[in-house]
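Below is entry_24.cif, which holds mmCIF, C-alpha atoms.
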data_my_file
#
loop_
_atom_site.label_atom_id
_atom_site.label_comp_id
_atom_site.auth_asym_id
_atom_site.auth_seq_id
_atom_site.Cartn_x
_atom_site.Cartn_y
_atom_site.Cartn_z
CA MET A 22 235.13 -96.11 -154.01
CA PRO A 23 231.86 -97.29 -155.68
CA PHE A 24 229.67 -94.80 -157.54
CA LEU A 25 225.91 -94.92 -157.91
CA GLY A 26 225.61 -92.44 -160.76
CA GLN A 27 225.87 -93.31 -164.46
CA ASP A 28 228.55 -90.67 -164.93
CA TRP A 29 232.03 -91.73 -163.70
CA ARG A 30 232.43 -88.19 -162.33
CA SER A 31 229.38 -88.66 -160.09
CA PRO A 32 229.97 -87.90 -156.41
CA GLY A 33 228.39 -91.27 -155.56
CA TRP A 34 227.59 -91.91 -151.88
CA SER A 35 227.92 -89.36 -149.09
CA TRP A 36 230.84 -89.95 -146.70
CA ILE A 37 231.77 -88.53 -143.30
CA LYS A 38 235.27 -88.42 -141.87
CA THR A 39 235.46 -89.82 -138.35
CA GLU A 40 238.23 -90.79 -135.94
CA ASP A 41 238.00 -94.37 -137.17
CA GLY A 42 238.19 -93.31 -140.82
CA TRP A 43 235.67 -92.48 -143.54
CA LYS A 44 232.14 -93.80 -143.04
CA ARG A 45 229.16 -93.70 -145.43
CA CYS A 46 226.04 -91.75 -144.42
CA ASP A 47 223.15 -94.17 -143.99
CA SER A 48 220.50 -91.64 -143.00
CA LEU A 49 218.93 -91.51 -146.45
CA SER A 50 218.94 -95.28 -146.93
CA GLN A 51 217.40 -95.76 -143.46
CA GLU A 52 214.61 -93.32 -144.30
CA LEU A 53 213.88 -95.19 -147.54
CA GLU A 54 213.80 -98.51 -145.68
CA ARG A 55 211.32 -97.07 -143.16
CA GLU A 56 209.08 -95.81 -145.99
CA ASN A 57 209.21 -99.19 -147.72
CA SER A 58 208.34 -100.98 -144.50
CA GLN A 59 205.25 -98.78 -144.12
CA CYS A 60 204.11 -99.65 -147.66
CA THR A 61 204.82 -103.39 -147.25
CA VAL A 62 201.70 -105.50 -147.42
CA THR A 63 201.73 -108.90 -145.79
CA HIS A 64 200.75 -111.64 -148.19
CA GLY A 65 199.53 -114.12 -145.54
CA LEU A 66 195.98 -115.04 -144.76
CA ILE A 67 193.59 -112.21 -143.83
CA LEU A 68 191.85 -113.02 -140.55
CA ASN A 69 188.94 -111.27 -138.89
CA SER A 70 188.46 -110.69 -135.18
CA GLU A 71 187.17 -114.25 -134.76
CA ASP A 72 190.12 -115.75 -136.69
CA GLU A 73 187.82 -116.70 -139.56
CA ILE A 74 189.36 -116.73 -143.03
CA PHE A 75 187.83 -114.41 -145.61
CA SER A 76 186.78 -115.89 -148.93
CA ASN A 77 189.03 -115.57 -151.97
CA GLU A 78 186.72 -112.97 -153.52
CA GLU A 79 186.82 -110.83 -150.38
CA CYS A 80 190.62 -111.09 -150.28
CA GLU A 81 190.84 -110.07 -153.93
CA TYR A 82 188.50 -107.13 -153.35
CA ALA A 83 190.48 -105.98 -150.32
CA SER A 84 193.71 -106.28 -152.28
CA LYS A 85 192.34 -104.18 -155.15
CA LYS A 86 191.01 -101.54 -152.79
CA ARG A 87 194.35 -101.40 -150.97
CA LYS A 88 196.23 -100.99 -154.24
CA LYS A 89 193.80 -98.32 -155.35
CA ASP A 90 194.19 -96.35 -152.13
CA HIS A 91 197.96 -96.75 -152.28
CA PHE A 92 197.99 -95.46 -155.87
CA ARG A 93 195.92 -92.41 -154.99
CA ASN A 94 198.16 -91.58 -152.05
CA ASP A 95 201.28 -92.19 -154.13
CA THR A 96 200.25 -89.85 -156.94
CA ASN A 97 200.01 -86.98 -154.48
CA ALA A 98 203.74 -87.29 -153.81
CA GLN A 99 205.38 -85.33 -156.61
CA SER A 100 208.81 -86.05 -158.04
CA PHE A 101 209.44 -82.87 -159.99
CA TYR A 102 212.94 -81.79 -160.94
CA ARG A 103 213.98 -78.18 -161.37
CA GLU A 104 216.59 -78.58 -164.09
CA LYS A 105 216.63 -76.08 -166.96
CA TRP A 106 218.68 -78.25 -169.32
CA ILE A 107 219.70 -81.90 -169.77
CA TYR A 108 222.38 -83.71 -171.72
CA VAL A 109 220.89 -85.94 -174.44
CA HIS A 110 223.20 -88.91 -175.02
CA LYS A 111 222.07 -91.82 -177.20
CA GLU A 112 224.94 -94.22 -176.53
CA SER A 113 227.50 -95.09 -173.89
CA THR A 114 230.86 -93.34 -173.85
CA ARG A 115 233.87 -93.42 -171.54
CA GLU A 116 232.49 -90.43 -169.67
CA ARG A 117 228.81 -91.40 -169.65
CA HIS A 118 227.23 -94.80 -169.28
CA GLY A 119 223.78 -95.56 -170.71
CA TYR A 120 221.53 -93.22 -172.64
CA CYS A 121 218.82 -90.62 -172.05
CA THR A 122 215.22 -91.80 -172.48
CA LEU A 123 212.00 -89.90 -173.08
CA GLY A 124 210.87 -90.63 -169.54
CA GLU A 125 214.13 -89.35 -168.05
CA ALA A 126 213.91 -86.14 -170.08
CA PHE A 127 210.31 -85.63 -169.01
CA ASN A 128 211.26 -86.17 -165.37
CA ARG A 129 214.25 -83.86 -165.30
CA LEU A 130 213.06 -80.88 -167.34
CA ASP A 131 211.05 -78.32 -165.42
CA PHE A 132 207.61 -78.82 -167.01
CA SER A 133 205.85 -78.13 -163.72
CA SER A 134 206.99 -74.49 -163.78
CA ALA A 135 206.73 -74.23 -167.57
CA ILE A 136 202.94 -74.52 -167.49
CA GLN A 137 202.80 -71.37 -165.37
CA ASP A 138 204.43 -69.43 -168.22
CA ILE A 139 201.80 -68.39 -170.77
CA ARG A 140 204.40 -68.60 -173.57
CA ARG A 141 205.20 -72.26 -172.81
CA PHE A 142 201.73 -73.48 -171.82
CA THR A 143 200.55 -74.46 -175.33
CA TYR A 144 203.91 -76.11 -176.05
CA VAL A 145 203.71 -78.34 -172.96
CA VAL A 146 200.07 -79.26 -173.66
CA LYS A 147 200.93 -80.29 -177.22
CA LEU A 148 203.85 -82.38 -175.95
CA LEU A 149 201.60 -84.14 -173.43
CA GLN A 150 199.09 -84.81 -176.21
CA LEU A 151 201.72 -86.46 -178.43
CA ILE A 152 202.91 -88.60 -175.51
CA ALA A 153 199.30 -89.61 -174.80
CA LYS A 154 198.80 -90.72 -178.40
CA SER A 155 201.82 -92.95 -178.88
CA GLN A 156 204.45 -92.82 -176.11
CA LEU A 157 202.58 -93.29 -172.85
CA THR A 158 203.58 -96.91 -172.35
CA SER A 159 207.24 -96.14 -173.07
CA LEU A 160 207.47 -93.94 -169.95
CA SER A 161 208.83 -95.38 -166.74
CA GLY A 162 206.65 -95.64 -163.64
CA VAL A 163 208.06 -92.42 -162.14
CA ALA A 164 207.70 -90.60 -165.46
CA GLN A 165 204.08 -91.72 -165.74
CA LYS A 166 203.38 -90.45 -162.23
CA ASN A 167 204.98 -87.11 -163.08
CA TYR A 168 203.03 -87.01 -166.35
CA PHE A 169 199.70 -87.22 -164.53
CA ASN A 170 200.88 -84.80 -161.82
CA VAL A 171 201.73 -82.19 -164.48
CA LEU A 172 198.41 -82.89 -166.19
CA ASP A 173 196.60 -82.41 -162.87
CA LYS A 174 198.28 -79.02 -162.46
CA ILE A 175 197.22 -78.06 -166.00
CA VAL A 176 193.58 -79.03 -165.42
CA GLN A 177 193.44 -77.16 -162.12
CA LYS A 178 194.98 -74.10 -163.77
CA VAL A 179 192.34 -74.13 -166.52
CA LEU A 180 189.55 -74.55 -163.98
CA ASP A 181 190.88 -71.57 -162.01
CA ASP A 182 191.65 -69.04 -164.76
CA HIS A 183 189.24 -70.34 -167.48
CA GLN A 184 191.87 -70.09 -170.20
CA ASN A 185 192.55 -72.60 -173.01
CA PRO A 186 189.84 -75.12 -172.05
CA ARG A 187 189.55 -76.36 -175.66
CA LEU A 188 193.22 -77.41 -175.75
CA ILE A 189 192.85 -79.43 -172.56
CA LYS A 190 189.61 -81.05 -173.74
CA ASP A 191 191.38 -82.29 -176.88
CA LEU A 192 194.30 -83.59 -174.78
CA LEU A 193 192.01 -85.44 -172.35
CA GLN A 194 190.01 -86.90 -175.23
CA ASP A 195 193.13 -88.39 -176.81
CA LEU A 196 194.38 -89.59 -173.43
CA SER A 197 191.09 -91.28 -172.49
CA SER A 198 190.99 -93.02 -175.89
CA THR A 199 194.53 -94.36 -175.38
CA LEU A 200 193.75 -95.55 -171.85
CA CYS A 201 190.60 -97.35 -173.04
CA ILE A 202 192.57 -99.15 -175.75
CA LEU A 203 195.31 -100.17 -173.29
CA ILE A 204 192.85 -101.43 -170.68
CA ARG A 205 190.74 -103.38 -173.17
CA GLY A 206 193.81 -104.89 -174.79
CA VAL A 207 195.58 -105.77 -171.55
CA GLY A 208 198.14 -108.48 -172.27
CA LYS A 209 198.77 -107.29 -175.81
CA SER A 210 201.16 -104.59 -174.62
CA VAL A 211 203.44 -104.27 -171.61
CA LEU A 212 201.97 -101.93 -168.99
CA VAL A 213 204.06 -100.52 -166.16
CA GLY A 214 202.13 -101.18 -162.97
CA ASN A 215 198.99 -103.07 -162.06
CA ILE A 216 195.93 -102.91 -164.32
CA ASN A 217 194.00 -101.30 -161.45
CA ILE A 218 196.36 -98.33 -161.62
CA TRP A 219 195.47 -97.77 -165.27
CA ILE A 220 191.76 -98.08 -164.49
CA CYS A 221 192.15 -95.45 -161.75
CA ARG A 222 193.93 -93.19 -164.23
CA LEU A 223 191.07 -93.54 -166.68
CA GLU A 224 188.57 -92.71 -163.93
CA THR A 225 190.61 -89.62 -163.05
CA VAL A 226 190.70 -88.46 -166.68
CA LEU A 227 186.95 -88.97 -167.05
CA GLY A 228 186.45 -86.92 -163.89
CA TRP A 229 188.57 -84.11 -165.34
CA GLN A 230 186.55 -84.20 -168.55
CA GLN A 231 183.32 -83.87 -166.57
CA GLN A 232 184.71 -80.91 -164.64
CA LEU A 233 185.70 -79.13 -167.86
CA GLN A 234 182.32 -79.96 -169.39
CA ASN A 235 180.59 -78.25 -166.44
CA LEU A 236 182.95 -75.26 -166.53
CA GLN A 237 181.00 -72.02 -166.58
CA MET A 238 182.71 -68.88 -167.85
CA THR A 239 182.11 -66.03 -165.43
CA LYS A 240 181.25 -62.70 -166.99
CA HIS A 241 183.62 -59.98 -165.85
CA VAL A 242 181.95 -56.69 -164.97
CA ASN A 243 184.21 -53.88 -166.11
CA SER A 244 183.19 -50.27 -166.54
CA GLY A 245 186.33 -49.46 -168.52
CA LEU A 246 187.24 -49.96 -172.16
CA THR A 247 186.13 -53.31 -173.64
CA LEU A 248 186.86 -55.17 -176.85
CA SER A 249 183.63 -53.91 -178.41
CA ASP A 250 184.74 -50.28 -177.99
CA LEU A 251 187.73 -50.71 -180.30
CA PRO A 252 187.53 -49.42 -183.90
CA LEU A 253 186.72 -51.92 -186.64
CA HIS A 254 190.18 -51.81 -188.19
CA MET A 255 191.77 -52.71 -184.83
CA LEU A 256 189.35 -55.60 -184.32
CA ASN A 257 190.16 -56.78 -187.82
CA ASN A 258 193.90 -56.62 -187.08
CA ILE A 259 193.35 -58.77 -183.97
CA LEU A 260 191.57 -61.43 -186.01
CA TYR A 261 194.37 -61.45 -188.58
CA ARG A 262 196.86 -62.21 -185.79
CA PHE A 263 195.24 -65.56 -185.01
CA SER A 264 196.77 -68.70 -186.45
CA ASP A 265 194.03 -71.07 -185.27
CA GLY A 266 190.69 -71.12 -187.06
CA TRP A 267 188.82 -72.21 -183.94
CA ASP A 268 190.04 -69.11 -182.10
CA ILE A 269 188.55 -66.96 -184.86
CA VAL A 270 185.23 -68.82 -184.66
CA THR A 271 185.15 -68.50 -180.85
CA LEU A 272 185.90 -64.76 -180.92
CA GLY A 273 183.20 -64.29 -183.57
CA GLN A 274 180.62 -65.55 -181.07
CA VAL A 275 181.25 -62.67 -178.66
CA THR A 276 179.42 -59.87 -180.50
CA PRO A 277 177.54 -59.48 -183.81
CA THR A 278 180.26 -57.14 -185.07
CA LEU A 279 183.00 -59.68 -184.42
CA TYR A 280 180.89 -62.35 -186.09
CA VAL A 281 180.71 -60.33 -189.31
CA LEU A 282 184.47 -59.72 -189.22
CA SER A 283 185.19 -63.40 -188.52
CA GLU A 284 183.29 -64.44 -191.66
CA ASP A 285 185.51 -62.35 -193.95
CA ARG A 286 186.61 -64.51 -196.90
CA GLN A 287 189.94 -62.71 -197.17
CA LEU A 288 190.69 -63.56 -193.54
CA TRP A 289 190.18 -67.29 -194.12
CA LYS A 290 192.11 -67.13 -197.39
CA LYS A 291 195.14 -65.71 -195.60
CA LEU A 292 194.81 -68.41 -192.94
CA CYS A 293 194.71 -71.18 -195.56
CA GLN A 294 197.71 -69.74 -197.37
CA TYR A 295 199.64 -69.57 -194.11
CA HIS A 296 199.07 -73.23 -193.17
CA PHE A 297 198.78 -75.07 -196.48
CA ALA A 298 200.45 -75.23 -199.88
CA GLU A 299 198.78 -74.35 -203.18
CA GLN A 300 198.88 -77.99 -204.35
CA GLN A 301 196.82 -78.95 -201.33
CA PHE A 302 194.18 -76.36 -202.29
CA CYS A 303 193.68 -77.97 -205.68
CA ARG A 304 193.05 -81.42 -204.21
CA HIS A 305 190.28 -80.20 -201.88
CA LEU A 306 188.77 -77.24 -203.70
CA ILE A 307 185.34 -76.21 -202.37
CA LEU A 308 183.21 -73.80 -204.43
CA SER A 309 179.99 -72.01 -203.54
CA GLU A 310 176.89 -71.86 -205.74
CA LYS A 311 178.17 -68.60 -207.19
CA GLY A 312 181.55 -70.13 -208.04
CA HIS A 313 183.49 -68.50 -205.20
CA ILE A 314 186.00 -70.48 -203.13
CA GLU A 315 184.70 -71.27 -199.64
CA TRP A 316 187.93 -70.53 -197.78
CA LYS A 317 186.47 -71.18 -194.33
CA LEU A 318 185.25 -74.66 -195.28
CA MET A 319 188.52 -75.22 -197.12
CA TYR A 320 190.50 -74.52 -193.93
CA PHE A 321 188.63 -77.03 -191.78
CA THR A 322 188.66 -79.61 -194.59
CA LEU A 323 192.40 -79.28 -195.18
CA GLN A 324 192.98 -79.46 -191.44
CA LYS A 325 191.66 -83.04 -191.48
CA TYR A 326 194.19 -84.17 -194.09
CA TYR A 327 197.30 -82.07 -193.46
CA PRO A 328 199.05 -80.80 -190.31
CA THR A 329 198.88 -77.08 -189.62
CA LYS A 330 201.89 -74.95 -188.78
CA GLU A 331 202.68 -74.90 -185.10
CA GLN A 332 203.21 -71.57 -183.40
CA TYR A 333 204.50 -71.26 -179.83
CA GLY A 334 205.60 -68.34 -177.69
CA ASP A 335 208.58 -70.28 -176.33
CA THR A 336 209.98 -73.74 -176.97
CA LEU A 337 212.78 -76.00 -175.87
CA HIS A 338 216.01 -75.64 -177.85
CA PHE A 339 218.67 -78.18 -178.75
CA CYS A 340 222.38 -77.35 -178.94
CA ARG A 341 223.98 -79.42 -181.69
CA HIS A 342 227.47 -78.70 -180.33
CA CYS A 343 226.84 -79.80 -176.73
CA SER A 344 223.89 -82.19 -177.33
CA ILE A 345 221.98 -80.35 -174.62
CA LEU A 346 218.22 -79.76 -174.47
CA PHE A 347 217.29 -76.53 -172.69
CA TRP A 348 214.80 -73.70 -172.30
CA LYS A 349 216.04 -70.73 -174.28
CA ASP A 350 215.51 -68.19 -171.49
CA SER A 351 217.59 -70.26 -169.08
CA GLY A 352 220.41 -71.04 -171.50
CA HIS A 353 223.11 -73.64 -170.85
CA PRO A 354 226.91 -73.75 -170.42
CA CYS A 355 227.80 -73.90 -174.12
CA THR A 356 231.45 -74.28 -175.13
CA ALA A 357 231.01 -73.36 -178.80
CA ALA A 358 232.67 -70.24 -180.23
CA ASP A 359 229.34 -69.05 -181.68
CA PRO A 360 226.63 -70.60 -179.48
CA ASP A 361 223.64 -69.03 -181.26
CA SER A 362 224.51 -70.79 -184.51
CA CYS A 363 224.25 -74.17 -182.76
CA PHE A 364 220.76 -73.67 -181.31
CA THR A 365 217.76 -75.32 -182.96
CA PRO A 366 214.13 -74.85 -181.81
CA VAL A 367 212.58 -78.17 -180.80
CA SER A 368 208.96 -78.74 -181.74
CA PRO A 369 206.91 -81.21 -179.64
CA GLN A 370 207.24 -83.85 -182.36
CA HIS A 371 211.00 -83.22 -182.60
CA PHE A 372 211.20 -83.68 -178.82
CA ILE A 373 209.65 -87.14 -179.19
CA ASP A 374 211.92 -88.04 -182.12
CA LEU A 375 215.06 -87.11 -180.16
CA PHE A 376 214.58 -90.17 -177.96
CA LYS A 377 213.77 -92.74 -180.63
CA PHE A 378 216.62 -95.18 -181.03
#
Target format structure tokens, applied to this file:
Amino acid sequence: MPFLGQDWRSPGWSWIKTEDGWKRCDSLSQELERENSQCTVTHGLILNSEDEIFSNEECEYASKKRKKDHFRNDTNAQSFYREKWIYVHKESTRERHGYCTLGEAFNRLDFSSAIQDIRRFTYVVKLLQLIAKSQLTSLSGVAQKNYFNVLDKIVQKVLDDHQNPRLIKDLLQDLSSTLCILIRGVGKSVLVGNINIWICRLETVLGWQQQLQNLQMTKHVNSGLTLSDLPLHMLNNILYRFSDGWDIVTLGQVTPTLYVLSEDRQLWKKLCQYHFAEQQFCRHLILSEKGHIEWKLMYFTLQKYYPTKEQYGDTLHFCRHCSILFWKDSGHPCTAADPDSCFTPVSPQHFIDLFKF
């Protein structure tokens, strides 16, 4: 019996036992054929009502418009998987044929639901940003479609709840830069799909950027306890919990009291010591006129030259024993005697590196 799956244990086709013997179910294949026939475009001459042939330019314009409309309709059809873990295999074995790619991992892991979890939101955004910078063209056509569908969900979420707009603006900026380079250098790299598809994607990203640029934060009217009513030492403790300098600057713009607390030199010193090594301080030392170290300027200067420590509420984990990538809350069927000792947190960059061969 033939099998369609890469795994030799795959169930393969669906079969039904009849009086004449076993027969394969063709319902699914018939549905796919009907869908393909609806999307088929005849490549003959385009005639008008008077049987007059359109010019070549008109045919080309109609073809582009048809492809553009087909792309927009196609992107609305989502292909999300709901798997909590996947097996990462880098070579063929007797049990498994082929290998797992970055696009396959992105398709199968449940990133669509992960963005709804506030602990995983920043992690997924950072992963999308890394893919946008260097791995976008390595994704398959389905993976690219899912990538933009997940990104669409993220943008709509930010527009609805007004949270983390700065993260998404940075992501869209990197993505638009990559798309511009790919479109201008068409032919220098292999693009999956027609060039019009990539132009439509760039237009969509620019539209998202405009929406975020016009985003107005609504002021919540609350007669209860507010942030300004907290004692100074509690406000100071909140600021010391932040690991991102831009979050401190943004919170300092809320009230004059928070602004004074956000300019504390000791606060920025702790932040620099958390992210950077002492040797890095010496290379980019910034002193004030009085001879004091400008820790705030030091932080933003060092940030340009060195990567900061990444901090996420929840990340994907990799089991070294089973070679399985999974969300920690969901777990996976581990066969090790001490499963916890085999688990390794996977940063967004580590996720990318797992699928480099």
Skip Gln301 in chain A itself and residues of its chain fewer than 4 positions away, then list as a list in words all residues within 8 Å of it, counting all atoms listed in the file. Phe297, His305 and Leu323 of chain A
For C-alpha atoms, I'd like the residues from the last selection saved as a short mmCIF file (atom, residue, chain, number, x, y, z; two decimals), keeping the file's coordinate frame.
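result.cif was written with the following content:
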data_model
loop_
_atom_site.label_atom_id
_atom_site.label_comp_id
_atom_site.auth_asym_id
_atom_site.auth_seq_id
_atom_site.Cartn_x
_atom_site.Cartn_y
_atom_site.Cartn_z
CA PHE A 297 198.78 -75.07 -196.48
CA HIS A 305 190.28 -80.20 -201.88
CA LEU A 323 192.40 -79.28 -195.18
#
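Put simply, CA of Arg341 in chain A is 5.4 Å away from CA of Cys363 in chain A.
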What separation in Å, quoted to one decimal, exists between CA of Leu180 in chain A and CA of Ser368 in chain A?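 Spanning CA of Leu180 in chain A to CA of Ser368 in chain A is a straight-line distance of 26.6 Å.
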Ground truth for the PyMOL selection byres ((chain A and resi 151-158) around 7), written as a list in words: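 What the PyMOL selection byres ((chain A and resi 151-158) around 7) grabs from the file is Lys147, Leu148, Leu149, Gln150, Ser159, Leu160, Asp195, Leu196, Thr199 and Leu212 of chain A.
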Starting from the PyMOL selection byres ((chain A and resi 131) around 12), expand the selection into actual residues of this file and give them as JSON, numbers by chain. {"A": [100, 101, 102, 103, 104, 105, 106, 107, 125, 126, 127, 128, 129, 130, 132, 133, 134, 135, 136, 137, 138, 141, 145, 167, 168, 171, 337, 346, 347, 348, 351]}
Expand the PyMOL selection byres ((chain A and resi 280-283) around 10) into the explicit residue set it covers here, and present it as an NGL selection string. :A and (253-254 or 256-257 or 260-261 or 266 or 268-279 or 284-289 or 317)
What is the distance, in Å and to one decimal place, between CA of Lys178 in chain A and CA of Asp335 in chain A?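 Computing it gives 18.9 Å between the two atoms.
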Might you pull out every residue within 12 Å of Thr225 in chain A, with only C-alpha atoms counted and same-chain residues fewer than 2 positions away left off, and present them as a PyMOL selection string? chain A and resi 92-93+96+169-170+172-173+176+193+196-197+200+218-223+227-232
Would you mind telling me which residue in A:Val109, A:Ile139, A:Val367, A:Val146 lies nearest to Lys190 in chain A when using all atoms listed in the file? A:Val146
Considering only C-alpha atoms, can you say which of A:Gln294, A:Gln370, A:Thr365, A:Asn217 comes closest to Trp316 in chain A? A:Gln294
